[in-house]
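Participant: First the structure, then my questions, so here it is.
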Amino acid sequence: MESIGDAAIAAVINVFIAIAIIFIGKKIAVWVSQLVAISMARKDSDPALVGFIASLVRFAILAFVFIAALGQVGIQTASLVAIMGAAGLAVGLALQGSLSNFASGVLILIFKPFKIGDFVELAGTAGTVASISIFTTELVTPDNKQIIVPNASAMGGIITNVSAKPTRRVDMVFGIGYSDDIDKARDIILGVLNSDERVLKDPAPQVAVAELADSSVNFVTRPWVNAADYWGVMFDTTETIKKRFDAEGVSIPFPQQDVHMHQAGE
């Protein structure tokens, strides 16, 4: 009876110690996760990555605390760890695609090839980045379609970030007739560009004869603009140059076809 009583007292003590381990361990897990979050936030890490890493640290500590508490009450944890490892391996094999998206999401959040608000081309589509999660990236196309791209697909191909640089070059081609004055046409194009305040002075816009085509002399026109002005400058310049060419008598060739009709002999 005395040995049974001692064993019961020891068991009760172990249970209280296990409860204390769990209680203190939870406090430590929360404190460490908050410390990690604060440290990452000070380094301007992505908020989604901060939350993910902090949660990962907290759950890892809680798992260790849970195993330690079970060991304190006499449960053999070696077999439990082996079972958890085998289960994790099975789940990992079953979720290979999801884990690939997960790993790619972490890489996106760490290396930041693009951020929310950037216009990007990836995985065969293009749009403005609306959100970045651990598994997917959400794009919104210019015609307001929502596209969900798996992160593995995003990181598995070429990423073109149109918004990465503050300035862009607008590439345009304008053709004139062979009988028109080249110098006059060049002056008209440069005048249109220089009068547009959105066109940057440095680097200076480039206007040069690029091709003697079948029916036209083609000028390559390359002004530099702020990224936000790209489409506006392209559309406005095209319209203004057409009007100036018309006003100055500079022709713009277009495809023509002569049709000859012959009357068959009777």
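All residue names refer to the structure tokens as shown: chains lettered A, B, ... in order, residues numbered from 1 in each chain, ligands numbered from 1 in order.
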Please return as JSON, numbers by chain: the residues of region 87-200 of chain A that backbone DSSP assigns to alpha helix (DSSP H).
Facilitator: {"A": [87, 88, 89, 90, 91, 92, 93, 94, 96, 97, 98, 99, 100, 101, 102, 103, 104, 105, 106, 107, 108, 109, 110, 111, 151, 152, 153, 154, 155, 182, 183, 184, 185, 186, 187, 188, 189, 190, 191, 192, 193, 194]}
Participant: What lies within 12 Å of Lys145 (chain A) using only C-alpha atoms, ignoring chain neighbours under 4 positions off, as a tab-separated table (two decimals) with C-alpha atoms, in the first residue's frame?
Facilitator:
```tsv
chain	number	residue	atom	x	y	z
A	125	THR	CA	-0.38	35.87	-68.35
A	126	ALA	CA	-0.06	39.51	-67.36
A	127	GLY	CA	-1.70	41.79	-64.84
A	128	THR	CA	-1.33	43.87	-61.71
A	129	VAL	CA	-0.38	41.96	-58.56
A	130	ALA	CA	-3.34	42.18	-56.18
A	138	GLU	CA	-3.51	36.93	-57.55
A	139	LEU	CA	-3.35	39.11	-60.66
A	140	VAL	CA	-5.91	41.56	-62.04
A	141	THR	CA	-5.76	42.06	-65.80
```
Participant: Would you mind listing what lies within 8 Å of Ala227 (chain A) as an MDAnalysis selection string, with only C-alpha atoms counted and same-chain residues fewer than 2 positions away left out?
Facilitator: chainID A and resid 163 165:168 225 229:230
Participant: What is the distance between CA of Val65 (chain A) and CA of Arg42 (chain A), in Å to one decimal?
Facilitator: 28.4 Å
Participant: Quick one: residues within 12 Å of Ala60 (chain A), only C-alpha atoms, excluding same-chain residues fewer than 2 positions away - as a count of residues only?
Facilitator: 19
Participant: For each of A:Leu35, A:Val192, A:Ala154, A:Val250, take the minimum atom-to-atom distance to Met234 (chain A), counting only C-alpha atoms, then give the residue where this is smallest.
Facilitator: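 So, comparing all the options, the nearest one is A:Val192.
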